[in-house]
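S.K.: First the structure, which I've put down as C-alpha cells, then a few questions once you've had a look.
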Amino acid sequence: IYRISLGESDTTYLRSLFRLGSINTNTAKYELADSNFQLAKSIYLKLNLVEKKEYADLLGNIAILYSEQKLYDKAEPLYLESMKIYLKTGSETSVDYITSLNNVALLKLNKGNVIEGEKYCNDAYEKSKRYYRNSPRIIARATHTMAVLFELKGEIDSAISYYKDALEIRKSSFKNLDFSLSANLDGYIKNLKDLGEMYVSIGDYKSAENLYIEAAQLLNDKLGDMPRYAGILGDLGTLFLYQGKFQSAEKYFLESEEIYLKSFGKENDGSIWVKENLGNLYYNLSNFDIAKKYYQEVYNYSYKNIDRDTLRFIRNSIWLGKTMHKLNEWKNDKYTIEITRFVDSNFIRKNPDIALELADMFASFNELKIE
C-alpha cells in the first residue's frame with residue numbers, strides 16, 4: 001500500500017521494508033530478510049542516499065543478518081562501511097558509532113581474531129564509560145562484549161566478572177523491576193544465558209540452572225519469544241545431559257524441538273541443534289537406532305548447508321559414523337568420501353581436536369590410510 005500510494009522513494013515505504021527485514025531476521029527467515037534489505041538498499045543507491053544515517057542503519061542490519069548465519073566475511077565490510085557513515089554524519093562519541101565499534105568487536109571475536117577484536121572492544125568500552133555513564137544499556141552492551149573477549153582468551157574469572165557486571169548494570173536500570181517496560185530486557189536475558197554458559201564451563205551446574213530458568217521464564221512470560229524460549233530449554237537439556245540426568249534432559253530437548261518446529265514450520269538451525277543433542281542423549285543410553293535417526297536428520301540438513309557450517313557437518317558425521325559402526329552399518333565408501341573431502345591441512349591446523357576425533361574414528365574402523 002505504501003509503495004503504490006507514496007512511491008518507492010518514500011521514507012515510510014523504506015522503513016516498512018527495513019522493519020520487515022528485521023522481523024524476518026529474528027524469525028530466521030533469512031532469504032526473505034535478505035530480499036527485503038537488498039530491495040531497500042537498491043532504492044537508497046538509486047536515490048544516491050548512501051551518506052545518510054538511515055543507509056548506515058540498513059547496512060548494519062544486513063550485517064546482523066549475515067552474522068546470524070555465521071557469514072562473517074560478508075558481514076564485516078558492511079559493519080565497517082556503516083561505521084564510516086556514522087563517523088561522517090555524527091562523531092566518534094555518538095551512540096551509533098560506539099554501537100558499531102561494539103558490533104565489529106563481536107564480529108572479530110566470532111571469527112577468532114582476538115587481537116583485532118580486543119582493540120575494538122577496549123575502544124567501545126572506554127568510550128561507553130566516558131560519554132554514556134548515565135546510559136546503562138550502552139555500558140552494559142560494551143561490558144558484555146568485554147566478557148566475551150576474556151572468555152575467548154581463556155581468562156574465565158575475568159569473563160565471569162564482566163558478565164556479572166553487565167547483568168547488574170542492566171538490572172539496575174529496571175524501573176520497579178517492571179521487566180516488560182524495560183528496553184534492557186533483551187540484553188538482560190542474553191546476559192543470563194551467557195553467564196549460565198560460563199558456569200557450565202566451570203562445572204557450577206546449579207548456578208547455571210538458576211540463570212537458565214530465569215531466562216526461560218522471562219522469554220515465555222514477558223516477551224512471548226518462543227524460538228528463544230526453545231533455545232533456553234535446549235540449554236537446560238544440555239545441562240542435564242552433562243550431569244547424566246538423561247530423563248530430565250530428554251524432557252527439555254523434546255519440548256524444545258516441538259516449539260522450534262511449531263515456530264518455524266520446518267527444520268532450522270535451532271531444531272537441528274536440538275536433534276544433535278537428542279542423538280547424543282540416545283547414544284549415551286545405547287539406543288543406537290534412535291540416535292542414528294537424529295544424527296541422520298542432522299547430517300542431511302548440514303550437508304545442504306555445508307558452506308555455512310562445515311564444522312557442524314564434520315562433528316555430526318563423526319557421531320553418525322560411530323553410531324552406524326555400533327549397528328554394523330558403516331558404509332565407508334560413501335561417508336568416508338563425504339567427510340574427508342573437507343579435511344585438508346588447513347582444516348587440521350584450525351581444528352586439531354576435530355581432526356583427532358576423525359583420526360580416532362577411522363582408526364577404530366581400520367581405515368588406516370585415512371588415519
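Convention: chains lettered A, B, ... in C-alpha cells order; per-chain residue numbering from 1; ligands numbered from 1 as shown.
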Quick one: DSSP alpha helix (DSSP H) residues in range 66-200 of chain A, as a count of residues only?

M.R.: 105

S.K.: For range 156-166 of chain A, find every residue with an atom within 6 Å (counting only C-alpha atoms), except residues of its own chain fewer than 5 positions away, and show them as an MDAnalysis selection string.

M.R.: chainID A and resid 140 143:144 147 150:151 195

S.K.: Generate a file of the selected residues that holds C-alpha atoms, formatted as a compact mmCIF listing (two decimals), in the first residue's frame.

M.R.:
# COMPACT_ATOMS: atom_id res chain seq x y z
CA ALA A 140 26.10 -2.97 29.64
CA THR A 143 30.73 -4.72 29.26
CA HIS A 144 29.13 -7.85 27.86
CA ALA A 147 33.21 -10.65 28.91
CA PHE A 150 38.05 -12.64 28.18
CA GLU A 151 36.13 -15.87 27.66
CA LEU A 195 26.75 -16.24 32.29

S.K.: Please identify all polymer residues within 12 Å of Leu107 in chain A, counting only C-alpha atoms, omitting same-chain residues fewer than 6 positions from it, and present them as a PDB file with all heavy atoms, in the first residue's frame.

M.R.:
ATOM      1  N   GLY A  60      23.993  -1.936   8.693  1.00  0.00           N
ATOM      2  CA  GLY A  60      24.210  -2.626   9.960  1.00  0.00           C
ATOM      3  C   GLY A  60      23.270  -3.794  10.145  1.00  0.00           C
ATOM      4  O   GLY A  60      23.659  -4.860  10.640  1.00  0.00           O
ATOM      5  N   ALA A  63      24.291  -6.631   7.990  1.00  0.00           N
ATOM      6  CA  ALA A  63      25.432  -7.290   8.642  1.00  0.00           C
ATOM      7  C   ALA A  63      24.967  -8.214   9.754  1.00  0.00           C
ATOM      8  O   ALA A  63      25.496  -9.327   9.923  1.00  0.00           O
ATOM      9  CB  ALA A  63      26.398  -6.241   9.186  1.00  0.00           C
ATOM     10  N   ILE A  64      23.967  -7.786  10.514  1.00  0.00           N
ATOM     11  CA  ILE A  64      23.413  -8.638  11.573  1.00  0.00           C
ATOM     12  C   ILE A  64      22.811  -9.908  10.963  1.00  0.00           C
ATOM     13  O   ILE A  64      22.998 -11.011  11.478  1.00  0.00           O
ATOM     14  CB  ILE A  64      22.347  -7.871  12.382  1.00  0.00           C
ATOM     15  CG1 ILE A  64      23.010  -6.779  13.232  1.00  0.00           C
ATOM     16  CG2 ILE A  64      21.548  -8.822  13.278  1.00  0.00           C
ATOM     17  CD1 ILE A  64      22.033  -5.825  13.887  1.00  0.00           C
ATOM     18  N   TYR A  66      23.705 -11.420   8.200  1.00  0.00           N
ATOM     19  CA  TYR A  66      24.784 -12.326   7.800  1.00  0.00           C
ATOM     20  C   TYR A  66      25.481 -12.929   9.021  1.00  0.00           C
ATOM     21  O   TYR A  66      25.864 -14.106   9.008  1.00  0.00           O
ATOM     22  CB  TYR A  66      25.789 -11.593   6.914  1.00  0.00           C
ATOM     23  CG  TYR A  66      25.243 -11.190   5.558  1.00  0.00           C
ATOM     24  CD1 TYR A  66      25.687 -10.052   4.898  1.00  0.00           C
ATOM     25  CD2 TYR A  66      24.269 -11.962   4.928  1.00  0.00           C
ATOM     26  CE1 TYR A  66      25.180  -9.689   3.653  1.00  0.00           C
ATOM     27  CE2 TYR A  66      23.747 -11.608   3.690  1.00  0.00           C
ATOM     28  CZ  TYR A  66      24.208 -10.470   3.056  1.00  0.00           C
ATOM     29  OH  TYR A  66      23.704 -10.114   1.837  1.00  0.00           O
ATOM     30  N   SER A  67      25.642 -12.136  10.073  1.00  0.00           N
ATOM     31  CA  SER A  67      26.290 -12.646  11.289  1.00  0.00           C
ATOM     32  C   SER A  67      25.462 -13.770  11.911  1.00  0.00           C
ATOM     33  O   SER A  67      26.018 -14.742  12.431  1.00  0.00           O
ATOM     34  CB  SER A  67      26.489 -11.517  12.298  1.00  0.00           C
ATOM     35  OG  SER A  67      27.410 -10.564  11.823  1.00  0.00           O
ATOM     36  N   GLU A  68      24.125 -13.616  11.879  1.00  0.00           N
ATOM     37  CA  GLU A  68      23.243 -14.656  12.404  1.00  0.00           C
ATOM     38  C   GLU A  68      23.472 -15.985  11.690  1.00  0.00           C
ATOM     39  O   GLU A  68      23.303 -17.057  12.260  1.00  0.00           O
ATOM     40  CB  GLU A  68      21.780 -14.235  12.242  1.00  0.00           C
ATOM     41  CG  GLU A  68      21.316 -13.166  13.205  1.00  0.00           C
ATOM     42  CD  GLU A  68      21.093 -13.692  14.590  1.00  0.00           C
ATOM     43  OE1 GLU A  68      20.471 -14.760  14.730  1.00  0.00           O
ATOM     44  OE2 GLU A  68      21.562 -13.056  15.547  1.00  0.00           O
ATOM     45  N   LYS A  70      26.391 -16.826  10.452  1.00  0.00           N
ATOM     46  CA  LYS A  70      27.836 -17.065  10.565  1.00  0.00           C
ATOM     47  C   LYS A  70      28.580 -16.747   9.272  1.00  0.00           C
ATOM     48  O   LYS A  70      29.659 -17.281   9.020  1.00  0.00           O
ATOM     49  CB  LYS A  70      28.119 -18.516  10.999  1.00  0.00           C
ATOM     50  CG  LYS A  70      27.500 -18.868  12.344  1.00  0.00           C
ATOM     51  CD  LYS A  70      27.824 -20.294  12.758  1.00  0.00           C
ATOM     52  CE  LYS A  70      27.176 -20.627  14.085  1.00  0.00           C
ATOM     53  NZ  LYS A  70      27.427 -22.016  14.522  1.00  0.00           N
ATOM     54  N   LEU A  71      27.999 -15.862   8.479  1.00  0.00           N
ATOM     55  CA  LEU A  71      28.650 -15.416   7.247  1.00  0.00           C
ATOM     56  C   LEU A  71      29.439 -14.146   7.569  1.00  0.00           C
ATOM     57  O   LEU A  71      29.143 -13.046   7.074  1.00  0.00           O
ATOM     58  CB  LEU A  71      27.604 -15.160   6.158  1.00  0.00           C
ATOM     59  CG  LEU A  71      26.718 -16.352   5.793  1.00  0.00           C
ATOM     60  CD1 LEU A  71      25.603 -15.936   4.842  1.00  0.00           C
ATOM     61  CD2 LEU A  71      27.559 -17.473   5.178  1.00  0.00           C
ATOM     62  N   TYR A  72      30.456 -14.311   8.399  1.00  0.00           N
ATOM     63  CA  TYR A  72      31.154 -13.162   8.963  1.00  0.00           C
ATOM     64  C   TYR A  72      31.934 -12.361   7.919  1.00  0.00           C
ATOM     65  O   TYR A  72      32.041 -11.136   8.025  1.00  0.00           O
ATOM     66  CB  TYR A  72      32.098 -13.618  10.084  1.00  0.00           C
ATOM     67  CG  TYR A  72      31.385 -14.325  11.214  1.00  0.00           C
ATOM     68  CD1 TYR A  72      31.750 -15.617  11.607  1.00  0.00           C
ATOM     69  CD2 TYR A  72      30.336 -13.714  11.882  1.00  0.00           C
ATOM     70  CE1 TYR A  72      31.088 -16.272  12.639  1.00  0.00           C
ATOM     71  CE2 TYR A  72      29.667 -14.359  12.916  1.00  0.00           C
ATOM     72  CZ  TYR A  72      30.053 -15.630  13.285  1.00  0.00           C
ATOM     73  OH  TYR A  72      29.386 -16.275  14.305  1.00  0.00           O
ATOM     74  N   ASP A  73      32.448 -13.038   6.899  1.00  0.00           N
ATOM     75  CA  ASP A  73      33.196 -12.320   5.862  1.00  0.00           C
ATOM     76  C   ASP A  73      32.293 -11.396   5.058  1.00  0.00           C
ATOM     77  O   ASP A  73      32.743 -10.356   4.559  1.00  0.00           O
ATOM     78  CB  ASP A  73      33.905 -13.311   4.936  1.00  0.00           C
ATOM     79  CG  ASP A  73      35.072 -14.006   5.626  1.00  0.00           C
ATOM     80  OD1 ASP A  73      35.602 -13.441   6.594  1.00  0.00           O
ATOM     81  OD2 ASP A  73      35.435 -15.120   5.204  1.00  0.00           O
ATOM     82  N   LYS A  74      31.025 -11.762   4.919  1.00  0.00           N
ATOM     83  CA  LYS A  74      30.079 -10.889   4.222  1.00  0.00           C
ATOM     84  C   LYS A  74      29.610  -9.762   5.132  1.00  0.00           C
ATOM     85  O   LYS A  74      29.295  -8.652   4.664  1.00  0.00           O
ATOM     86  CB  LYS A  74      28.870 -11.695   3.726  1.00  0.00           C
ATOM     87  CG  LYS A  74      29.193 -12.695   2.622  1.00  0.00           C
ATOM     88  CD  LYS A  74      27.954 -13.449   2.174  1.00  0.00           C
ATOM     89  CE  LYS A  74      26.990 -12.567   1.405  1.00  0.00           C
ATOM     90  NZ  LYS A  74      25.880 -13.370   0.812  1.00  0.00           N
ATOM     91  N   ALA A  75      29.541 -10.032   6.426  1.00  0.00           N
ATOM     92  CA  ALA A  75      29.048  -9.025   7.378  1.00  0.00           C
ATOM     93  C   ALA A  75      30.079  -7.939   7.663  1.00  0.00           C
ATOM     94  O   ALA A  75      29.725  -6.761   7.808  1.00  0.00           O
ATOM     95  CB  ALA A  75      28.653  -9.707   8.686  1.00  0.00           C
ATOM     96  N   GLU A  76      31.350  -8.318   7.715  1.00  0.00           N
ATOM     97  CA  GLU A  76      32.382  -7.375   8.171  1.00  0.00           C
ATOM     98  C   GLU A  76      32.452  -6.080   7.353  1.00  0.00           C
ATOM     99  O   GLU A  76      32.435  -4.980   7.932  1.00  0.00           O
ATOM    100  CB  GLU A  76      33.745  -8.062   8.195  1.00  0.00           C
ATOM    101  CG  GLU A  76      34.841  -7.185   8.768  1.00  0.00           C
ATOM    102  CD  GLU A  76      36.130  -7.945   9.017  1.00  0.00           C
ATOM    103  OE1 GLU A  76      36.178  -9.173   8.776  1.00  0.00           O
ATOM    104  OE2 GLU A  76      37.098  -7.310   9.454  1.00  0.00           O
ATOM    105  N   PRO A  77      32.532  -6.132   6.001  1.00  0.00           N
ATOM    106  CA  PRO A  77      32.621  -4.869   5.253  1.00  0.00           C
ATOM    107  C   PRO A  77      31.391  -3.990   5.432  1.00  0.00           C
ATOM    108  O   PRO A  77      31.493  -2.758   5.358  1.00  0.00           O
ATOM    109  CB  PRO A  77      32.775  -5.329   3.792  1.00  0.00           C
ATOM    110  CG  PRO A  77      32.316  -6.737   3.755  1.00  0.00           C
ATOM    111  CD  PRO A  77      32.606  -7.304   5.102  1.00  0.00           C
ATOM    112  N   LEU A  78      30.236  -4.595   5.680  1.00  0.00           N
ATOM    113  CA  LEU A  78      29.018  -3.816   5.893  1.00  0.00           C
ATOM    114  C   LEU A  78      29.071  -3.073   7.221  1.00  0.00           C
ATOM    115  O   LEU A  78      28.698  -1.890   7.303  1.00  0.00           O
ATOM    116  CB  LEU A  78      27.797  -4.731   5.844  1.00  0.00           C
ATOM    117  CG  LEU A  78      27.529  -5.413   4.504  1.00  0.00           C
ATOM    118  CD1 LEU A  78      26.446  -6.468   4.642  1.00  0.00           C
ATOM    119  CD2 LEU A  78      27.129  -4.382   3.456  1.00  0.00           C
ATOM    120  N   TYR A  79      29.538  -3.749   8.262  1.00  0.00           N
ATOM    121  CA  TYR A  79      29.710  -3.082   9.555  1.00  0.00           C
ATOM    122  C   TYR A  79      30.704  -1.918   9.434  1.00  0.00           C
ATOM    123  O   TYR A  79      30.469  -0.830   9.957  1.00  0.00           O
ATOM    124  CB  TYR A  79      30.232  -4.071  10.598  1.00  0.00           C
ATOM    125  CG  TYR A  79      29.169  -4.868  11.323  1.00  0.00           C
ATOM    126  CD1 TYR A  79      29.348  -6.230  11.568  1.00  0.00           C
ATOM    127  CD2 TYR A  79      28.009  -4.262  11.788  1.00  0.00           C
ATOM    128  CE1 TYR A  79      28.393  -6.971  12.247  1.00  0.00           C
ATOM    129  CE2 TYR A  79      27.051  -5.000  12.467  1.00  0.00           C
ATOM    130  CZ  TYR A  79      27.247  -6.348  12.695  1.00  0.00           C
ATOM    131  OH  TYR A  79      26.300  -7.076  13.375  1.00  0.00           O
ATOM    132  N   LEU A  80      31.816  -2.160   8.757  1.00  0.00           N
ATOM    133  CA  LEU A  80      32.846  -1.131   8.635  1.00  0.00           C
ATOM    134  C   LEU A  80      32.349   0.061   7.822  1.00  0.00           C
ATOM    135  O   LEU A  80      32.644   1.220   8.158  1.00  0.00           O
ATOM    136  CB  LEU A  80      34.105  -1.725   8.000  1.00  0.00           C
ATOM    137  CG  LEU A  80      34.836  -2.777   8.847  1.00  0.00           C
ATOM    138  CD1 LEU A  80      35.978  -3.415   8.057  1.00  0.00           C
ATOM    139  CD2 LEU A  80      35.382  -2.169  10.147  1.00  0.00           C
ATOM    140  N   SER A 100      28.528   0.572  16.660  1.00  0.00           N
ATOM    141  CA  SER A 100      29.230  -0.068  15.543  1.00  0.00           C
ATOM    142  C   SER A 100      30.573  -0.636  15.983  1.00  0.00           C
ATOM    143  O   SER A 100      30.962  -1.731  15.570  1.00  0.00           O
ATOM    144  CB  SER A 100      29.446   0.934  14.407  1.00  0.00           C
ATOM    145  OG  SER A 100      28.247   1.209  13.754  1.00  0.00           O
ATOM    146  N   LEU A 101      31.292   0.109  16.810  1.00  0.00           N
ATOM    147  CA  LEU A 101      32.560  -0.396  17.351  1.00  0.00           C
ATOM    148  C   LEU A 101      32.331  -1.723  18.066  1.00  0.00           C
ATOM    149  O   LEU A 101      33.087  -2.686  17.894  1.00  0.00           O
ATOM    150  CB  LEU A 101      33.163   0.609  18.341  1.00  0.00           C
ATOM    151  CG  LEU A 101      33.898   1.828  17.805  1.00  0.00           C
ATOM    152  CD1 LEU A 101      34.289   2.748  18.967  1.00  0.00           C
ATOM    153  CD2 LEU A 101      35.154   1.416  17.026  1.00  0.00           C
ATOM    154  N   ASN A 113      39.459 -13.760  15.654  1.00  0.00           N
ATOM    155  CA  ASN A 113      40.521 -12.749  15.574  1.00  0.00           C
ATOM    156  C   ASN A 113      40.531 -11.957  16.872  1.00  0.00           C
ATOM    157  O   ASN A 113      40.016 -10.829  16.952  1.00  0.00           O
ATOM    158  CB  ASN A 113      40.280 -11.835  14.368  1.00  0.00           C
ATOM    159  CG  ASN A 113      41.487 -10.969  14.052  1.00  0.00           C
ATOM    160  OD1 ASN A 113      42.343 -10.745  14.912  1.00  0.00           O
ATOM    161  ND2 ASN A 113      41.565 -10.467  12.839  1.00  0.00           N
ATOM    162  N   VAL A 114      41.129 -12.536  17.907  1.00  0.00           N
ATOM    163  CA  VAL A 114      41.080 -11.951  19.241  1.00  0.00           C
ATOM    164  C   VAL A 114      41.892 -10.663  19.318  1.00  0.00           C
ATOM    165  O   VAL A 114      41.490  -9.700  19.987  1.00  0.00           O
ATOM    166  CB  VAL A 114      41.575 -12.970  20.297  1.00  0.00           C
ATOM    167  CG1 VAL A 114      41.615 -12.342  21.679  1.00  0.00           C
ATOM    168  CG2 VAL A 114      40.676 -14.198  20.296  1.00  0.00           C
ATOM    169  N   GLU A 116      42.627  -8.283  16.984  1.00  0.00           N
ATOM    170  CA  GLU A 116      41.897  -7.137  16.433  1.00  0.00           C
ATOM    171  C   GLU A 116      40.619  -6.882  17.212  1.00  0.00           C
ATOM    172  O   GLU A 116      40.233  -5.732  17.438  1.00  0.00           O
ATOM    173  CB  GLU A 116      41.574  -7.370  14.960  1.00  0.00           C
ATOM    174  CG  GLU A 116      42.751  -7.141  14.035  1.00  0.00           C
ATOM    175  CD  GLU A 116      42.301  -7.107  12.572  1.00  0.00           C
ATOM    176  OE1 GLU A 116      41.243  -6.531  12.281  1.00  0.00           O
ATOM    177  OE2 GLU A 116      43.021  -7.683  11.736  1.00  0.00           O
ATOM    178  N   GLY A 117      39.951  -7.954  17.616  1.00  0.00           N
ATOM    179  CA  GLY A 117      38.722  -7.800  18.390  1.00  0.00           C
ATOM    180  C   GLY A 117      38.949  -7.065  19.682  1.00  0.00           C
ATOM    181  O   GLY A 117      38.137  -6.225  20.094  1.00  0.00           O
ATOM    182  N   GLU A 118      40.072  -7.340  20.337  1.00  0.00           N
ATOM    183  CA  GLU A 118      40.376  -6.682  21.610  1.00  0.00           C
ATOM    184  C   GLU A 118      40.525  -5.170  21.432  1.00  0.00           C
ATOM    185  O   GLU A 118      40.093  -4.394  22.283  1.00  0.00           O
ATOM    186  CB  GLU A 118      41.649  -7.275  22.215  1.00  0.00           C
ATOM    187  CG  GLU A 118      41.972  -6.736  23.590  1.00  0.00           C
ATOM    188  CD  GLU A 118      43.036  -7.548  24.310  1.00  0.00           C
ATOM    189  OE1 GLU A 118      43.712  -8.369  23.651  1.00  0.00           O
ATOM    190  OE2 GLU A 118      43.175  -7.376  25.535  1.00  0.00           O
ATOM    191  N   TYR A 120      38.992  -3.217  19.246  1.00  0.00           N
ATOM    192  CA  TYR A 120      37.656  -2.627  19.137  1.00  0.00           C
ATOM    193  C   TYR A 120      36.893  -2.716  20.456  1.00  0.00           C
ATOM    194  O   TYR A 120      36.144  -1.800  20.815  1.00  0.00           O
ATOM    195  CB  TYR A 120      36.864  -3.325  18.031  1.00  0.00           C
ATOM    196  CG  TYR A 120      37.273  -2.936  16.635  1.00  0.00           C
ATOM    197  CD1 TYR A 120      38.110  -3.745  15.866  1.00  0.00           C
ATOM    198  CD2 TYR A 120      36.819  -1.747  16.067  1.00  0.00           C
ATOM    199  CE1 TYR A 120      38.483  -3.377  14.577  1.00  0.00           C
ATOM    200  CE2 TYR A 120      37.187  -1.381  14.786  1.00  0.00           C
ATOM    201  CZ  TYR A 120      38.019  -2.202  14.043  1.00  0.00           C
ATOM    202  OH  TYR A 120      38.392  -1.828  12.765  1.00  0.00           O
ATOM    203  N   CYS A 121      37.071  -3.830  21.187  1.00  0.00           N
ATOM    204  CA  CYS A 121      36.424  -3.997  22.496  1.00  0.00           C
ATOM    205  C   CYS A 121      36.808  -2.871  23.440  1.00  0.00           C
ATOM    206  O   CYS A 121      35.953  -2.227  24.068  1.00  0.00           O
ATOM    207  CB  CYS A 121      36.836  -5.322  23.133  1.00  0.00           C
ATOM    208  SG  CYS A 121      35.917  -6.752  22.612  1.00  0.00           S
ATOM    209  N   THR A 145      30.509  -7.405  25.895  1.00  0.00           N
ATOM    210  CA  THR A 145      31.493  -7.751  24.869  1.00  0.00           C
ATOM    211  C   THR A 145      32.872  -7.986  25.483  1.00  0.00           C
ATOM    212  O   THR A 145      33.621  -8.861  25.032  1.00  0.00           O
ATOM    213  CB  THR A 145      31.576  -6.642  23.798  1.00  0.00           C
ATOM    214  OG1 THR A 145      30.257  -6.408  23.290  1.00  0.00           O
ATOM    215  CG2 THR A 145      32.477  -7.054  22.638  1.00  0.00           C
ATOM    216  N   VAL A 148      32.922 -11.493  26.641  1.00  0.00           N
ATOM    217  CA  VAL A 148      33.160 -12.420  25.529  1.00  0.00           C
ATOM    218  C   VAL A 148      34.648 -12.475  25.197  1.00  0.00           C
ATOM    219  O   VAL A 148      35.215 -13.549  24.956  1.00  0.00           O
ATOM    220  CB  VAL A 148      32.351 -11.992  24.283  1.00  0.00           C
ATOM    221  CG1 VAL A 148      32.694 -12.885  23.087  1.00  0.00           C
ATOM    222  CG2 VAL A 148      30.852 -12.044  24.568  1.00  0.00           C
ATOM    223  N   LEU A 149      35.291 -11.306  25.197  1.00  0.00           N
ATOM    224  CA  LEU A 149      36.727 -11.234  24.915  1.00  0.00           C
ATOM    225  C   LEU A 149      37.523 -12.087  25.901  1.00  0.00           C
ATOM    226  O   LEU A 149      38.356 -12.911  25.497  1.00  0.00           O
ATOM    227  CB  LEU A 149      37.192  -9.774  24.982  1.00  0.00           C
ATOM    228  CG  LEU A 149      38.709  -9.543  24.972  1.00  0.00           C
ATOM    229  CD1 LEU A 149      39.311  -9.955  23.631  1.00  0.00           C
ATOM    230  CD2 LEU A 149      39.035  -8.082  25.276  1.00  0.00           C
TER     231      LEU A 149
END

S.K.: Name the residues in contact with Lys127 in chain A at a cut-off of 9 Å, using only C-alpha atoms, excluding same-chain residues fewer than 5 positions from it; report them as a list of chain:residue names.

M.R.: A:Glu92, A:Thr93, A:Ile98, A:Asn122, A:Tyr132

S.K.: Keeping only N, CA and C atoms, write those residues as a PDB file, in the first residue's frame.

M.R.:
ATOM      1  N   GLU A  92      32.733  10.428  16.794  1.00  0.00           N
ATOM      2  CA  GLU A  92      33.161   9.176  17.446  1.00  0.00           C
ATOM      3  C   GLU A  92      32.575   9.029  18.840  1.00  0.00           C
ATOM      4  N   THR A  93      31.833  10.035  19.299  1.00  0.00           N
ATOM      5  CA  THR A  93      31.167   9.921  20.600  1.00  0.00           C
ATOM      6  C   THR A  93      29.684   9.597  20.449  1.00  0.00           C
ATOM      7  N   ILE A  98      29.592   4.180  18.486  1.00  0.00           N
ATOM      8  CA  ILE A  98      30.074   3.296  19.554  1.00  0.00           C
ATOM      9  C   ILE A  98      29.421   1.919  19.450  1.00  0.00           C
ATOM     10  N   ASN A 122      38.115  -2.658  23.570  1.00  0.00           N
ATOM     11  CA  ASN A 122      38.609  -1.645  24.503  1.00  0.00           C
ATOM     12  C   ASN A 122      38.125  -0.254  24.118  1.00  0.00           C
ATOM     13  N   TYR A 132      28.852   7.911  28.171  1.00  0.00           N
ATOM     14  CA  TYR A 132      27.473   7.466  28.425  1.00  0.00           C
ATOM     15  C   TYR A 132      27.347   6.793  29.791  1.00  0.00           C
TER      16      TYR A 132
END

S.K.: Give me the residues of range 234-341 of chain A that have any atom at most 9 Å from an atom of range 18-29 of chain A; for each, the nearest atom pair and the distance in Å, rounded to one decimal. Use only C-alpha atoms, sort by chain and number, and format it as a Markdown table.

M.R.:
| residue | atom | partner | partner_atom | distance |
| --- | --- | --- | --- | --- |
| A:Ser263 | CA | A:Thr27 | CA | 8.3 |
| A:Phe264 | CA | A:Thr27 | CA | 7.4 |
| A:Asn268 | CA | A:Ala28 | CA | 7.8 |
| A:Asp269 | CA | A:Ala28 | CA | 8.6 |

S.K.: Under the rule that only C-alpha atoms are counted, which of A:Asn220, A:Ser248, A:Asn300, A:Ser16 is the nearest residue to Ile189 in chain A?

M.R.: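 Smallest separation from Ile189 in chain A among the options: A:Asn220.
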
S.K.: Measuring atom to atom with only C-alpha atoms, identify which of A:Leu109, A:Ala208, A:Val343, A:Ile290 is nearest to Leu152 in chain A.

M.R.: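 Of A:Leu109, A:Ala208, A:Val343, A:Ile290, the one nearest Leu152 in chain A, counting only C-alpha atoms, is A:Leu109.
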
S.K.: May I have the residues within 10 Å of range 282-284 of chain A as a list in words, using only C-alpha atoms and disregarding those fewer than 6 positions away in the same chain?

M.R.: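 Here the qualifying residues turn out to be Leu241, Gly244, Phe246, Glu250, Ile290, Ala291, Lys292, Tyr294, Tyr295, Trp319, Leu320, Lys322, Thr323 and Lys326 of chain A.
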
S.K.: Could you write out the selected residues, including N, CA and C atoms, as a PDB file, in the first residue's frame?

M.R.:
ATOM      1  N   LEU A 241      22.157 -33.222  30.474  1.00  0.00           N
ATOM      2  CA  LEU A 241      22.901 -34.257  29.756  1.00  0.00           C
ATOM      3  C   LEU A 241      24.320 -34.363  30.296  1.00  0.00           C
ATOM      4  N   GLY A 244      24.469 -36.351  33.379  1.00  0.00           N
ATOM      5  CA  GLY A 244      23.988 -37.730  33.315  1.00  0.00           C
ATOM      6  C   GLY A 244      22.550 -37.892  33.750  1.00  0.00           C
ATOM      7  N   PHE A 246      19.560 -38.104  32.339  1.00  0.00           N
ATOM      8  CA  PHE A 246      19.076 -38.279  30.982  1.00  0.00           C
ATOM      9  C   PHE A 246      17.567 -38.078  30.844  1.00  0.00           C
ATOM     10  N   GLU A 250      16.039 -35.403  28.304  1.00  0.00           N
ATOM     11  CA  GLU A 250      15.130 -35.792  27.226  1.00  0.00           C
ATOM     12  C   GLU A 250      13.877 -34.928  27.228  1.00  0.00           C
ATOM     13  N   ILE A 290      17.684 -45.077  17.601  1.00  0.00           N
ATOM     14  CA  ILE A 290      17.085 -43.741  17.738  1.00  0.00           C
ATOM     15  C   ILE A 290      18.155 -42.669  17.529  1.00  0.00           C
ATOM     16  N   ALA A 291      19.349 -42.899  18.080  1.00  0.00           N
ATOM     17  CA  ALA A 291      20.443 -41.943  17.897  1.00  0.00           C
ATOM     18  C   ALA A 291      20.748 -41.759  16.414  1.00  0.00           C
ATOM     19  N   LYS A 292      20.769 -42.875  15.678  1.00  0.00           N
ATOM     20  CA  LYS A 292      21.060 -42.814  14.244  1.00  0.00           C
ATOM     21  C   LYS A 292      20.018 -41.969  13.510  1.00  0.00           C
ATOM     22  N   TYR A 294      18.279 -39.416  14.576  1.00  0.00           N
ATOM     23  CA  TYR A 294      18.522 -37.985  14.782  1.00  0.00           C
ATOM     24  C   TYR A 294      19.803 -37.534  14.085  1.00  0.00           C
ATOM     25  N   TYR A 295      20.866 -38.325  14.194  1.00  0.00           N
ATOM     26  CA  TYR A 295      22.127 -37.961  13.529  1.00  0.00           C
ATOM     27  C   TYR A 295      21.954 -37.888  12.007  1.00  0.00           C
ATOM     28  N   TRP A 319      29.751 -38.545  14.771  1.00  0.00           N
ATOM     29  CA  TRP A 319      28.822 -39.280  15.630  1.00  0.00           C
ATOM     30  C   TRP A 319      27.928 -40.224  14.826  1.00  0.00           C
ATOM     31  N   LEU A 320      27.559 -39.823  13.628  1.00  0.00           N
ATOM     32  CA  LEU A 320      26.792 -40.720  12.772  1.00  0.00           C
ATOM     33  C   LEU A 320      27.628 -41.950  12.432  1.00  0.00           C
ATOM     34  N   LYS A 322      30.138 -43.239  14.191  1.00  0.00           N
ATOM     35  CA  LYS A 322      30.279 -44.086  15.385  1.00  0.00           C
ATOM     36  C   LYS A 322      29.005 -44.898  15.631  1.00  0.00           C
ATOM     37  N   THR A 323      27.856 -44.241  15.442  1.00  0.00           N
ATOM     38  CA  THR A 323      26.580 -44.919  15.680  1.00  0.00           C
ATOM     39  C   THR A 323      26.357 -46.035  14.670  1.00  0.00           C
ATOM     40  N   LYS A 326      28.407 -48.971  15.479  1.00  0.00           N
ATOM     41  CA  LYS A 326      27.815 -49.775  16.558  1.00  0.00           C
ATOM     42  C   LYS A 326      26.728 -50.708  16.010  1.00  0.00           C
TER      43      LYS A 326
END
